[in-house]
Structure formats: structure tokens, C-alpha cells
file structure-v2.tsv (TSV, C-alpha atoms)
chain	number	residue	atom	x	y	z
C	101	MET	CA	80.62	48.14	134.73
C	102	LEU	CA	82.31	51.31	136.02
C	103	PHE	CA	83.03	52.49	132.48
C	104	TRP	CA	79.39	52.47	131.33
C	105	PHE	CA	78.12	53.77	134.66
C	106	VAL	CA	80.38	56.80	134.41
C	107	CYS	CA	79.88	57.27	130.65
C	108	VAL	CA	76.11	57.57	130.93
C	109	ARG	CA	76.37	60.13	133.72
C	110	TYR	CA	78.86	62.20	131.77
C	111	VAL	CA	77.30	62.01	128.31
C	112	LYS	CA	73.75	63.00	129.39
C	113	PRO	CA	74.55	66.47	130.80
C	114	THR	CA	77.13	67.08	128.08
C	115	MET	CA	74.62	66.42	125.30
C	116	PHE	CA	72.01	68.63	126.96
C	117	ILE	CA	74.51	71.46	127.33
C	118	LEU	CA	75.75	71.03	123.73
C	119	LEU	CA	72.24	71.05	122.26
C	120	GLY	CA	71.23	74.00	124.45
C	121	LEU	CA	74.25	76.10	123.47
C	122	GLU	CA	73.84	75.16	119.80
C	123	LEU	CA	70.18	76.19	119.84
C	124	PHE	CA	70.99	79.45	121.64
C	125	PHE	CA	73.83	80.33	119.24
C	126	VAL	CA	71.85	79.54	116.09
C	127	SER	CA	68.73	81.32	117.35
C	128	ILE	CA	70.57	84.52	118.23
C	129	ASP	CA	72.67	84.49	115.05
C	130	SER	CA	69.72	83.86	112.74
C	131	MET	CA	67.60	86.67	114.23
C	132	GLN	CA	69.68	89.35	112.48
C	133	TYR	CA	69.06	87.69	109.12
C	134	PHE	CA	65.35	86.97	109.67
C	135	GLU	CA	64.11	89.14	106.80
C	136	THR	CA	66.62	87.68	104.34
C	137	LEU	CA	65.94	84.08	105.35
C	138	SER	CA	62.14	84.41	105.38
C	139	ASN	CA	62.07	84.70	101.57
C	140	SER	CA	63.16	81.11	100.97
C	141	ILE	CA	62.74	78.03	103.15
C	142	ASN	CA	65.60	76.27	101.35
C	143	THR	CA	67.98	79.15	102.02
C	144	ALA	CA	66.84	79.27	105.65
C	145	LEU	CA	67.46	75.55	106.18
C	146	LEU	CA	70.88	75.72	104.55
C	147	PHE	CA	71.81	78.75	106.64
C	148	LEU	CA	70.72	77.02	109.86
C	149	ALA	CA	72.76	73.93	108.95
C	150	PHE	CA	75.91	75.93	108.20
C	151	ASP	CA	75.35	78.12	111.26
C	152	ALA	CA	75.04	75.03	113.47
C	153	MET	CA	78.36	73.78	112.09
C	154	LEU	CA	79.92	77.16	112.81
C	155	ALA	CA	78.51	77.14	116.34
C	156	LEU	CA	80.17	73.79	117.00
C	157	ASN	CA	83.57	75.53	116.92
C	158	TYR	CA	82.55	77.61	119.92
C	159	VAL	CA	80.23	75.39	121.93
C	160	LEU	CA	81.94	71.98	121.70
C	161	PRO	CA	84.92	72.85	123.97
C	162	LEU	CA	82.62	74.53	126.48
C	163	SER	CA	80.10	71.67	126.40
C	164	LEU	CA	82.74	68.99	127.05
C	165	LEU	CA	84.17	70.92	130.02
C	166	LEU	CA	80.88	72.13	131.48
C	167	GLY	CA	79.48	68.63	131.11
C	168	LEU	CA	82.42	67.31	133.14
C	169	ILE	CA	81.77	69.85	135.89
C	170	VAL	CA	78.06	68.93	136.03
C	171	PHE	CA	79.04	65.24	136.02
C	172	TYR	CA	81.29	65.61	139.07
C	173	ILE	CA	78.85	67.83	140.96
C	174	GLY	CA	76.09	65.26	140.34
C	175	LEU	CA	78.27	62.41	141.63
C	176	ILE	CA	79.28	64.37	144.73
C	177	ARG	CA	75.76	65.56	145.52
C	178	SER	CA	74.38	62.01	145.32
C	179	ASN	CA	77.38	60.62	147.28
C	180	GLN	CA	78.13	58.29	144.36
C	181	TYR	CA	81.65	59.67	144.04
C	182	VAL	CA	82.67	58.75	147.57
C	183	ALA	CA	80.85	55.41	147.20
C	184	LEU	CA	82.93	54.55	144.12
C	185	LEU	CA	86.10	55.55	145.96
C	186	SER	CA	85.04	53.36	148.91
C	187	LEU	CA	84.61	50.39	146.58
C	188	GLY	CA	88.29	50.67	145.66
C	189	TYR	CA	88.09	52.64	142.45
C	190	SER	CA	90.67	55.40	142.17
C	191	ARG	CA	90.00	58.99	141.12
C	192	ARG	CA	92.02	58.28	138.01
C	193	GLN	CA	89.82	55.29	137.09
C	194	ILE	CA	86.69	57.41	137.48
C	195	LEU	CA	88.24	60.07	135.24
C	196	TYR	CA	89.14	57.58	132.48
C	197	PRO	CA	85.68	57.25	130.80
C	198	PRO	CA	84.93	60.99	130.43
C	199	LEU	CA	88.54	61.64	129.43
C	200	LEU	CA	88.33	59.03	126.67
C	201	ILE	CA	85.04	60.49	125.47
C	202	ILE	CA	86.54	63.99	125.41
C	203	ILE	CA	89.58	62.82	123.41
C	204	PHE	CA	87.28	60.92	121.04
C	205	PHE	CA	85.20	64.04	120.31
C	206	VAL	CA	88.32	66.19	119.99
C	207	CYS	CA	89.70	63.80	117.35
C	208	ILE	CA	86.38	63.87	115.48
C	209	TYR	CA	86.41	67.67	115.61
C	210	ILE	CA	89.95	67.81	114.20
C	211	GLY	CA	88.92	65.37	111.47
C	212	LEU	CA	85.95	67.59	110.57
C	213	ASN	CA	88.32	70.55	110.23
C	214	ALA	CA	90.13	68.62	107.49
C	215	THR	CA	86.91	68.67	105.42
C	216	SER	CA	84.56	71.32	104.01
C	217	PHE	CA	83.19	71.67	107.56
C	218	ALA	CA	85.90	74.32	108.01
C	219	TYR	CA	84.13	76.53	105.45
C	220	SER	CA	80.77	76.63	107.24
C	221	GLN	CA	81.14	80.31	108.15
C	222	GLU	CA	81.84	81.33	104.56
C	223	ASN	CA	78.92	79.25	103.31
C	224	ALA	CA	76.56	80.83	105.84
C	225	GLU	CA	77.74	84.36	105.01
C	226	ARG	CA	77.42	83.69	101.28
C	227	LEU	CA	73.75	82.73	101.69
C	228	VAL	CA	72.79	85.95	103.46
C	229	SER	CA	75.09	88.43	101.70
C	230	ASN	CA	75.01	86.96	98.17
C	231	ASN	CA	78.79	87.17	97.76
C	232	SER	CA	81.39	84.50	97.37
C	233	ASN	CA	84.31	85.85	99.38
C	234	ILE	CA	85.98	87.54	96.42
C	235	SER	CA	89.75	88.02	96.55
C	236	LYS	CA	91.36	90.48	94.16
C	237	ASP	CA	94.72	90.99	92.44
C	238	LEU	CA	96.51	87.87	93.65
C	239	PHE	CA	99.95	87.02	92.31
C	240	ILE	CA	101.89	83.91	93.31
C	241	ARG	CA	104.57	81.60	92.00
C	242	TYR	CA	103.54	77.95	91.58
C	243	ASN	CA	106.29	75.54	90.48
C	244	ASP	CA	107.67	77.11	87.28
C	245	ASP	CA	104.63	79.30	86.70
C	246	TYR	CA	103.77	82.79	87.89
C	247	VAL	CA	100.03	83.09	88.33
C	248	PHE	CA	97.95	86.27	88.47
C	249	PHE	CA	94.22	86.31	89.28
C	250	GLU	CA	92.36	89.59	88.99
C	251	LYS	CA	89.47	88.07	90.94
C	252	ILE	CA	89.08	84.68	92.55
C	253	TYR	CA	86.00	83.08	94.11
C	254	PRO	CA	87.33	80.26	96.37
C	255	LEU	CA	83.93	78.75	97.20
C	256	LEU	CA	82.77	78.83	93.57
C	257	GLN	CA	86.13	77.43	92.43
C	258	LYS	CA	86.26	80.20	89.82
C	259	ALA	CA	88.73	82.89	88.77
C	260	GLU	CA	88.55	85.92	86.47
C	261	GLY	CA	91.22	87.95	84.73
C	262	ILE	CA	93.78	85.14	84.55
C	263	LYS	CA	97.38	85.54	83.42
C	264	ILE	CA	99.86	82.68	83.73
C	265	TYR	CA	103.51	83.21	82.93
C	266	HIS	CA	105.17	79.88	82.09
C	267	THR	CA	108.93	79.70	82.49
C	268	LYS	CA	111.65	77.13	81.89
C	269	ASN	CA	115.13	76.75	83.26
C	270	GLU	CA	117.99	76.92	80.76
C	271	ASN	CA	121.60	76.88	81.94
C	272	GLY	CA	120.58	78.12	85.35
C	273	ASN	CA	118.53	81.01	83.95
C	274	ARG	CA	114.74	81.21	84.14
C	275	ILE	CA	113.34	82.12	80.72
C	276	LEU	CA	109.78	83.09	79.85
C	277	SER	CA	108.42	80.46	77.42
C	278	ASN	CA	104.78	81.48	76.99
C	279	ILE	CA	101.92	83.44	78.52
C	280	THR	CA	98.36	82.19	78.92
C	281	GLN	CA	95.67	84.83	79.24
C	282	ALA	CA	91.92	84.33	79.73
C	283	ASN	CA	88.86	86.07	81.12
C	284	GLU	CA	87.82	83.19	83.34
C	285	GLY	CA	88.68	79.69	84.51
C	286	PHE	CA	87.26	76.98	86.77
C	287	PHE	CA	88.92	74.54	89.16
C	288	VAL	CA	87.62	71.11	88.05
C	289	ASN	CA	89.00	67.63	88.81
C	290	ASN	CA	91.97	69.04	90.73
C	291	GLU	CA	93.17	71.29	87.88
C	292	TRP	CA	92.27	74.63	86.31
C	293	ASN	CA	90.15	74.61	83.15
C	294	ILE	CA	90.93	77.90	81.41
C	295	VAL	CA	88.08	78.98	79.11
C	296	SER	CA	88.87	80.48	75.67
C	297	PRO	CA	92.48	81.28	76.49
C	298	LYS	CA	94.91	83.29	74.36
C	299	VAL	CA	98.40	81.72	74.42
C	300	TYR	CA	101.48	83.77	73.56
C	301	THR	CA	104.48	81.57	72.73
C	302	MET	CA	107.79	83.38	73.04
C	303	PRO	CA	110.51	83.01	70.37
C	304	LEU	CA	113.46	80.70	71.02
C	305	ASP	CA	115.97	83.41	70.17
C	306	TYR	CA	115.56	87.09	70.77
C	307	LYS	CA	117.30	88.60	67.72
C	308	ALA	CA	116.68	91.73	65.74
C	309	GLY	CA	114.67	90.76	62.67
C	310	GLY	CA	113.94	87.29	64.06
C	311	GLU	CA	110.59	85.66	64.61
C	312	GLY	CA	108.25	87.29	67.11
C	313	PHE	CA	105.91	85.64	69.51
C	314	VAL	CA	103.12	83.41	68.21
C	315	VAL	CA	99.50	83.91	69.34
C	316	GLU	CA	97.13	80.94	69.56
C	317	TYR	CA	93.42	80.94	70.40
C	318	LYS	CA	92.06	77.80	72.04
C	319	ASP	CA	88.66	76.64	73.25
C	320	SER	CA	90.04	75.59	76.66
C	321	ILE	CA	93.14	74.19	78.29
C	322	ASN	CA	93.79	72.38	81.58
C	323	ILE	CA	96.80	73.59	83.58
C	324	LEU	CA	97.96	74.25	87.15
C	325	LYS	CA	97.13	70.77	88.40
C	326	GLY	CA	96.54	70.69	92.15
C	327	PHE	CA	96.56	74.48	92.60
C	328	LYS	CA	93.52	74.78	94.88
C	329	PRO	CA	91.63	78.09	95.14
C	330	LYS	CA	91.31	77.88	98.93
C	331	VAL	CA	95.10	77.88	99.21
C	332	LEU	CA	95.00	81.57	98.32
C	333	ASP	CA	92.87	82.25	101.42
C	334	THR	CA	95.74	80.99	103.52
C	335	LEU	CA	98.27	83.12	101.71
C	336	TYR	CA	96.44	86.43	101.36
C	337	ASN	CA	93.32	86.87	103.49
C	338	ASN	CA	93.57	88.61	106.84
C	339	LYS	CA	91.05	86.20	108.36
C	340	PRO	CA	91.63	82.98	106.47
C	341	SER	CA	89.06	80.23	106.68
C	342	VAL	CA	90.78	77.10	105.47
C	343	SER	CA	90.60	73.38	106.14
C	344	LEU	CA	93.45	71.44	107.69
C	345	THR	CA	94.00	69.62	104.39
C	346	ASP	CA	94.31	72.85	102.40
C	347	ALA	CA	96.52	74.36	105.11
C	348	PHE	CA	99.00	71.48	104.77
C	349	TYR	CA	98.85	71.84	100.99
C	350	SER	CA	99.59	75.57	101.33
C	351	LEU	CA	102.50	74.83	103.66
C	352	ASN	CA	103.96	72.43	101.11
C	353	ILE	CA	103.80	75.08	98.35
C	354	LEU	CA	105.33	77.78	100.56
C	355	LEU	CA	108.17	75.51	101.68
C	356	LYS	CA	108.99	74.66	98.06
C	357	GLU	CA	109.11	78.34	97.18
C	358	GLY	CA	111.04	79.33	100.31
C	359	ALA	CA	108.28	81.77	101.32
C	360	ASP	CA	107.12	82.79	104.80
C	361	THR	CA	105.07	80.02	106.42
C	362	LYS	CA	104.24	81.76	109.70
C	363	ARG	CA	100.54	82.27	108.98
C	364	THR	CA	100.09	78.75	107.61
C	365	ARG	CA	101.85	77.16	110.60
C	366	GLY	CA	99.59	79.15	112.91
C	367	ILE	CA	96.47	77.85	111.13
C	368	ILE	CA	97.70	74.24	111.32
C	369	TYR	CA	98.53	74.51	115.04
C	370	SER	CA	95.13	76.12	115.69
C	371	LEU	CA	93.18	73.40	113.89
C	372	ALA	CA	95.23	70.33	114.87
C	373	LEU	CA	96.68	71.05	118.33
C	374	ILE	CA	94.70	73.69	120.23
C	375	PRO	CA	91.58	71.45	120.63
C	376	PHE	CA	93.67	69.19	122.88
C	377	PHE	CA	93.57	71.84	125.58
C	378	ILE	CA	90.13	70.39	126.47
C	379	PRO	CA	91.35	67.04	127.95
C	380	MET	CA	94.21	68.89	129.66
C	381	VAL	CA	91.81	71.23	131.44
C	382	ALA	CA	89.53	68.26	132.23
C	383	ILE	CA	92.37	66.56	134.15
C	384	ILE	CA	93.02	69.71	136.20
C	385	ILE	CA	89.30	70.06	137.01
C	386	ALA	CA	89.14	66.43	138.16
C	387	TYR	CA	92.14	67.00	140.45
C	388	TYR	CA	90.47	69.80	142.41
C	389	VAL	CA	87.04	68.17	142.76
C	390	PRO	CA	86.51	66.98	146.39
C	391	PRO	CA	85.07	63.51	147.10
C	392	LEU	CA	82.42	64.86	149.50
C	393	ALA	CA	80.25	67.99	149.53
C	394	ARG	CA	81.38	68.75	153.10
C	395	TYR	CA	84.94	69.33	151.83
C	396	GLY	CA	83.88	72.26	149.68
C	397	ASN	CA	80.98	74.39	148.54
C	398	LEU	CA	79.60	72.79	145.36
C	399	VAL	CA	78.27	76.11	144.05
C	400	THR	CA	81.67	77.74	144.48
C	401	ILE	CA	83.42	74.74	142.91
C	402	GLY	CA	81.06	74.80	139.93
C	403	ILE	CA	81.37	78.55	139.33
C	404	THR	CA	85.17	78.51	139.78
C	405	SER	CA	85.65	75.53	137.46
C	406	ALA	CA	83.33	76.97	134.81
C	407	SER	CA	85.03	80.38	134.99
C	408	ALA	CA	88.48	78.83	134.72
C	409	SER	CA	87.37	76.74	131.72
C	410	LEU	CA	85.96	79.83	130.00
C	411	MET	CA	89.15	81.77	130.65
C	412	VAL	CA	91.41	79.03	129.26
C	413	TRP	CA	89.13	78.58	126.25
C	414	GLY	CA	89.15	82.35	125.67
C	415	VAL	CA	92.95	82.52	125.83
C	416	PHE	CA	93.50	79.72	123.33
C	417	PHE	CA	90.71	80.94	121.05
C	418	SER	CA	92.32	84.41	120.98
C	419	LEU	CA	95.76	82.95	120.38
C	420	SER	CA	94.46	80.88	117.46
C	421	LYS	CA	92.93	83.98	115.81
C	422	LEU	CA	96.02	86.12	116.39
C	423	ASN	CA	98.39	83.48	115.08
C	424	ALA	CA	96.19	82.76	112.06
C	425	ASN	CA	96.74	86.42	111.16
C	426	ALA	CA	100.53	86.04	111.56
C	427	ILE	CA	100.76	88.50	114.43
C	428	PHE	CA	103.04	86.27	116.52
C	429	ILE	CA	105.48	83.49	115.79
C	430	PRO	CA	103.14	80.47	116.11
C	431	GLU	CA	105.65	78.34	118.04
C	432	ILE	CA	105.76	81.03	120.71
C	433	GLY	CA	102.12	82.07	120.57
C	434	ILE	CA	100.60	78.57	120.49
C	435	LEU	CA	103.06	75.77	121.21
C	436	ILE	CA	104.62	77.27	124.35
C	437	PRO	CA	101.27	78.00	126.13
C	438	LEU	CA	100.00	74.58	125.08
C	439	ALA	CA	103.19	72.91	126.36
C	440	LEU	CA	102.86	74.71	129.71
C	441	LEU	CA	99.25	73.55	130.05
C	442	LEU	CA	100.32	70.01	129.09
C	443	MET	CA	102.99	69.95	131.82
C	444	ALA	CA	100.47	71.24	134.36
C	445	SER	CA	97.93	68.58	133.38
C	446	ILE	CA	100.54	65.79	133.54
C	447	TRP	CA	101.56	66.92	137.03
C	448	HIS	CA	97.92	66.94	138.18
C	449	TYR	CA	97.31	63.56	136.56
C	450	ILE	CA	100.27	61.99	138.40
C	451	LYS	CA	99.19	63.51	141.73
C	452	ILE	CA	95.43	62.91	141.41
C	453	ASP	CA	95.43	59.69	143.44
C	454	LYS	CA	97.85	61.01	146.06
C	455	ILE	CA	95.61	63.68	147.56

call {"tool": "encode", "arguments": {"input": "structure-v2.tsv", "output": "C-alpha cells"}}
result
Amino acid sequence: MLFWFVCVRYVKPTMFILLGLELFFVSIDSMQYFETLSNSINTALLFLAFDAMLALNYVLPLSLLLGLIVFYIGLIRSNQYVALLSLGYSRRQILYPPLLIIIFFVCIYIGLNATSFAYSQENAERLVSNNSNISKDLFIRYNDDYVFFEKIYPLLQKAEGIKIYHTKNENGNRILSNITQANEGFFVNNEWNIVSPKVYTMPLDYKAGGEGFVVEYKDSINILKGFKPKVLDTLYNNKPSVSLTDAFYSLNILLKEGADTKRTRGIIYSLALIPFFIPMVAIIIAYYVPPLARYGNLVTIGITSASASLMVWGVFFSLSKLNANAIFIPEIGILIPLALLLMASIWHYIKIDKI
């Protein structure tokens, strides 16, 4: 009975705030592209859909916290909060339903970031600027291959100016076995389909007067299985936009090669851990909410709680962007602040029924 009573009173203002902020964000953002979008209704609808997904990254944390503040102010103003406490329910029991809802939405949000939802910003920008987030002159080692892309289009799953240097290990020495060169290739079925490649096969023995390399022309070949284009965003772009799945895949490649994983770790922490600051802040807000309006000014409580929520959200949002660009060590820049907030929320949670 208590669970559904509280859930309804929390979900209603939260949904109104979420829809309002989404509409405001999308309306303001689409105004600057009005002339471009007015030429095609299909493009406009796609842009609005991708822009709404992008807006969710900003408005969901605020909506969940602002909805909690409105929920508590509504209970206090109608004296329902003190009535529930008088019936024997604890402050912690009243907090349970909204806290579970918040954690549920946070988990859904993290799950979405493991899908193509994470690329909503790139998709929206591609529609209005007619580019595909081109990266140039990328060189990376992948297993026993050294891969060079003159241009790569991560969203189109396409690369141009491809050179792949295949090596093999003989007696502890890495020897070049052949070189694959092509003008373009496509990432299909989890591997690269290289179109009309030229394959140079190196001789077994490098001797004066011996056989030289052999050149073969092929219609297409499939190589580099599992080497995803979006992985290169994680490795090279200053502002990488990558899903949680691709970030873990990138981390696995970098660990195998013994390369620096600081940027990739920062992206993973940002996508998988930072959203949990929302339930932590919710617990602290619930601790400071009085049972009766006479114990505090509701306007002051609302403004203070909303301002504090915005400040905490701003701090963690900034930290996620800075660490995604490898400015700080992610364990220091993300995990330590998050751990401090976690300890503060645990302390408030333990003390919430003792005040």
C-alpha cells in the first residue's frame, strides 16, 4: 500500500519535469537548424529523435532529483509526510520506493549507453552537417597486424586508404609476411571486407638474387575480424563518443598491446559508474527534508536542494568530460569523488531515522 502510494506521487512530477526539460532542450537545439531541417520532414523527424536521445543524457539526472524534491515538498505541504510518520512508517521506508525507481532508471540508462544510443549526438550532427565524423591518418597495432587508415568513417563503417602490414613471429623476431593495400573497405558481419585489394607477399629469404615479393590482385578479402571502427574514436578522438560495449572492447585491445588505457578507463567509469551519483544525492536530500512545514521554509528547502543537485551534477558531468579526454587519472578524477559521495550518502542513510 505504502509503496504504490509513494510511487505514484513521485513518478507524476518526475515525468512532467522530464518531458518538460526534454521538450525545452529539443526545441532550443532544433531552432538553430530550422532552415536545414525544413527541407525534409524525414530528416527533421530523425534529427528530433536523435536530439531527444541526446537530451536524455542531460535531463534524466536532473529530472530524477528535481522530481524527488517536488515529491517531498508536496507531501510536506499536504501534511501527508507527517501523517505517514505518525502511522509508524519510518523516513527510510518512505524513501525506499523513489530510491528503487531512481536506481531502476539509472540501470536502464547505463544499459542504453551500451547500445547505439551512445551515438545519438553523432547521428544528429551528421544529419545537419552532412559529414560522418571523419578521422584521418590512424595507425594502430591489432594482434599481429599493423593497420593504417587514411580516412575512417565510424558511423558509416567505412575506411579509405587502407594499408595492413601482416607480421609473424619466428624465433622471437617479428617478420613482415605480407602487405594488403586497398582504396576502401567496409566493416560487415564483425570483420573488414577489403574491396579490390593488392596483396604483396614477402619472400621467405632475403638474399641477393633471390625471389622478390609477389603481387596479387583480388576482388575482395575479409580480415581484421572484430576490429570495430568505433574503437578508433576511443583511441584517437579528443571528444570520443563511444558506447560502453565498444569502450570495453577498446580496453581489451589496449591491455593486450600494453598501451595507455587512461582515456578508455575514464570513458567506462563515466558511462557505468557516474550515473549512480543520482541515488546517492537522493538519500542526502531525503535526510535534510523536515517532516513539517513549520520546521523549515519549503521555498528555501526547494531552492537549496535543487541548487545542490545542479552543483553535484555539474561537477560529475565536468569530471566525466575531462577524464574522457585523459586530462586526469580516472581513478583520482572519478572514483575518489564518487567514493566520497558514497560514504556521505551511507552515513546519511544510517542516520536518517535517528533525527

call {"tool": "closest_atom_pairs", "arguments": {"input": "structure-v2.tsv", "of": "range 402-429 of chain C", "to": "range 373-392 of chain C", "cutoff": "8 Å", "atoms": "all atoms listed in the file", "output": "JSON lines"}}
result
{"residue": "C:Ser405", "atom": "CA", "partner": "C:Ile385", "partner_atom": "CA", "distance": 6.6}
{"residue": "C:Ser409", "atom": "CA", "partner": "C:Val381", "partner_atom": "CA", "distance": 7.1}
{"residue": "C:Phe416", "atom": "CA", "partner": "C:Ile374", "partner_atom": "CA", "distance": 6.9}
{"residue": "C:Ser420", "atom": "CA", "partner": "C:Ile374", "partner_atom": "CA", "distance": 7.7}

call {"tool": "atom_distance", "arguments": {"input": "structure-v2.tsv", "atom1": "CA of Lys325 in chain C", "atom2": "CA of Gly211 in chain C"}}
result
25.1 Å

call {"tool": "atom_distance", "arguments": {"input": "structure-v2.tsv", "atom1": "CA of Glu291 in chain C", "atom2": "CA of Gly326 in chain C"}}
result
5.5 Å

call {"tool": "atom_distance", "arguments": {"input": "structure-v2.tsv", "atom1": "CA of Lys451 in chain C", "atom2": "CA of Arg192 in chain C"}}
result
9.6 Å

call {"tool": "residues_near_point", "arguments": {"input": "structure-v2.tsv", "point": "(101.7, 83.9, 81.1)", "cutoff": "6 Å", "atoms": "all atoms listed in the file", "output": "PyMOL selection string"}}
result
chain C and resi 263-266+278-280

call {"tool": "residues_around", "arguments": {"input": "structure-v2.tsv", "residues": "Tyr110 in chain C", "least_positions_apart": "2", "cutoff": "7 Å", "atoms": "all atoms listed in the file", "output": "PDB file with C-alpha atoms, keeping the file's coordinate frame"}}
result
ATOM      1  CA  VAL C 106      80.380  56.800 134.410  1.00  0.00           C
ATOM      2  CA  CYS C 107      79.880  57.270 130.650  1.00  0.00           C
ATOM      3  CA  VAL C 108      76.110  57.570 130.930  1.00  0.00           C
ATOM      4  CA  LYS C 112      73.750  63.000 129.390  1.00  0.00           C
ATOM      5  CA  PRO C 113      74.550  66.470 130.800  1.00  0.00           C
ATOM      6  CA  THR C 114      77.130  67.080 128.080  1.00  0.00           C
ATOM      7  CA  GLY C 167      79.480  68.630 131.110  1.00  0.00           C
ATOM      8  CA  LEU C 168      82.420  67.310 133.140  1.00  0.00           C
ATOM      9  CA  PHE C 171      79.040  65.240 136.020  1.00  0.00           C
ATOM     10  CA  PRO C 198      84.930  60.990 130.430  1.00  0.00           C
TER      11      PRO C 198
END

call {"tool": "residues_around", "arguments": {"input": "structure-v2.tsv", "residues": "Ala155 in chain C", "least_positions_apart": "2", "cutoff": "12 Å", "atoms": "all atoms listed in the file", "output": "ChimeraX atom specification"}}
result
/C:118-130,147-153,157-163,217-218,220-221,224

call {"tool": "residues_around", "arguments": {"input": "structure-v2.tsv", "residues": "Val288 in chain C", "least_positions_apart": "5", "cutoff": "12 Å", "atoms": "only C-alpha atoms", "output": "MDAnalysis selection string"}}
result
chainID C and resid 256:259 293:295 321:329

call {"tool": "closest_residue", "arguments": {"input": "structure-v2.tsv", "among": "C:Gly261, C:Gly433, C:Gly402, C:Gly414", "to": "Tyr172 in chain C", "atoms": "all atoms listed in the file"}}
result
C:Gly402

call {"tool": "closest_atom_pairs", "arguments": {"input": "structure-v2.tsv", "of": "range 113-210 of chain C", "to": "range 397-401 of chain C", "cutoff": "10 Å", "atoms": "all atoms listed in the file", "output": "JSON lines"}}
result
{"residue": "C:Ile169", "atom": "CA", "partner": "C:Ile401", "partner_atom": "CA", "distance": 8.7}
{"residue": "C:Tyr172", "atom": "CA", "partner": "C:Leu398", "partner_atom": "CA", "distance": 9.7}
{"residue": "C:Ile173", "atom": "CA", "partner": "C:Leu398", "partner_atom": "CA", "distance": 6.7}
{"residue": "C:Gly174", "atom": "CA", "partner": "C:Leu398", "partner_atom": "CA", "distance": 9.7}
{"residue": "C:Ile176", "atom": "CA", "partner": "C:Leu398", "partner_atom": "CA", "distance": 8.4}
{"residue": "C:Arg177", "atom": "CA", "partner": "C:Leu398", "partner_atom": "CA", "distance": 8.2}

call {"tool": "closest_residue", "arguments": {"input": "structure-v2.tsv", "among": "C:Leu438, C:Val170, C:Leu145, C:Asn290", "to": "Trp413 in chain C", "atoms": "all atoms listed in the file"}}
result
C:Leu438

call {"tool": "closest_residue", "arguments": {"input": "structure-v2.tsv", "among": "C:Val415, C:Ile436, C:Ile262, C:Leu200", "to": "Phe239 in chain C", "atoms": "all atoms listed in the file"}}
result
C:Ile262

call {"tool": "closest_residue", "arguments": {"input": "structure-v2.tsv", "among": "C:Leu146, C:Leu354, C:Leu441, C:Leu227", "to": "Val412 in chain C", "atoms": "all atoms listed in the file"}}
result
C:Leu441
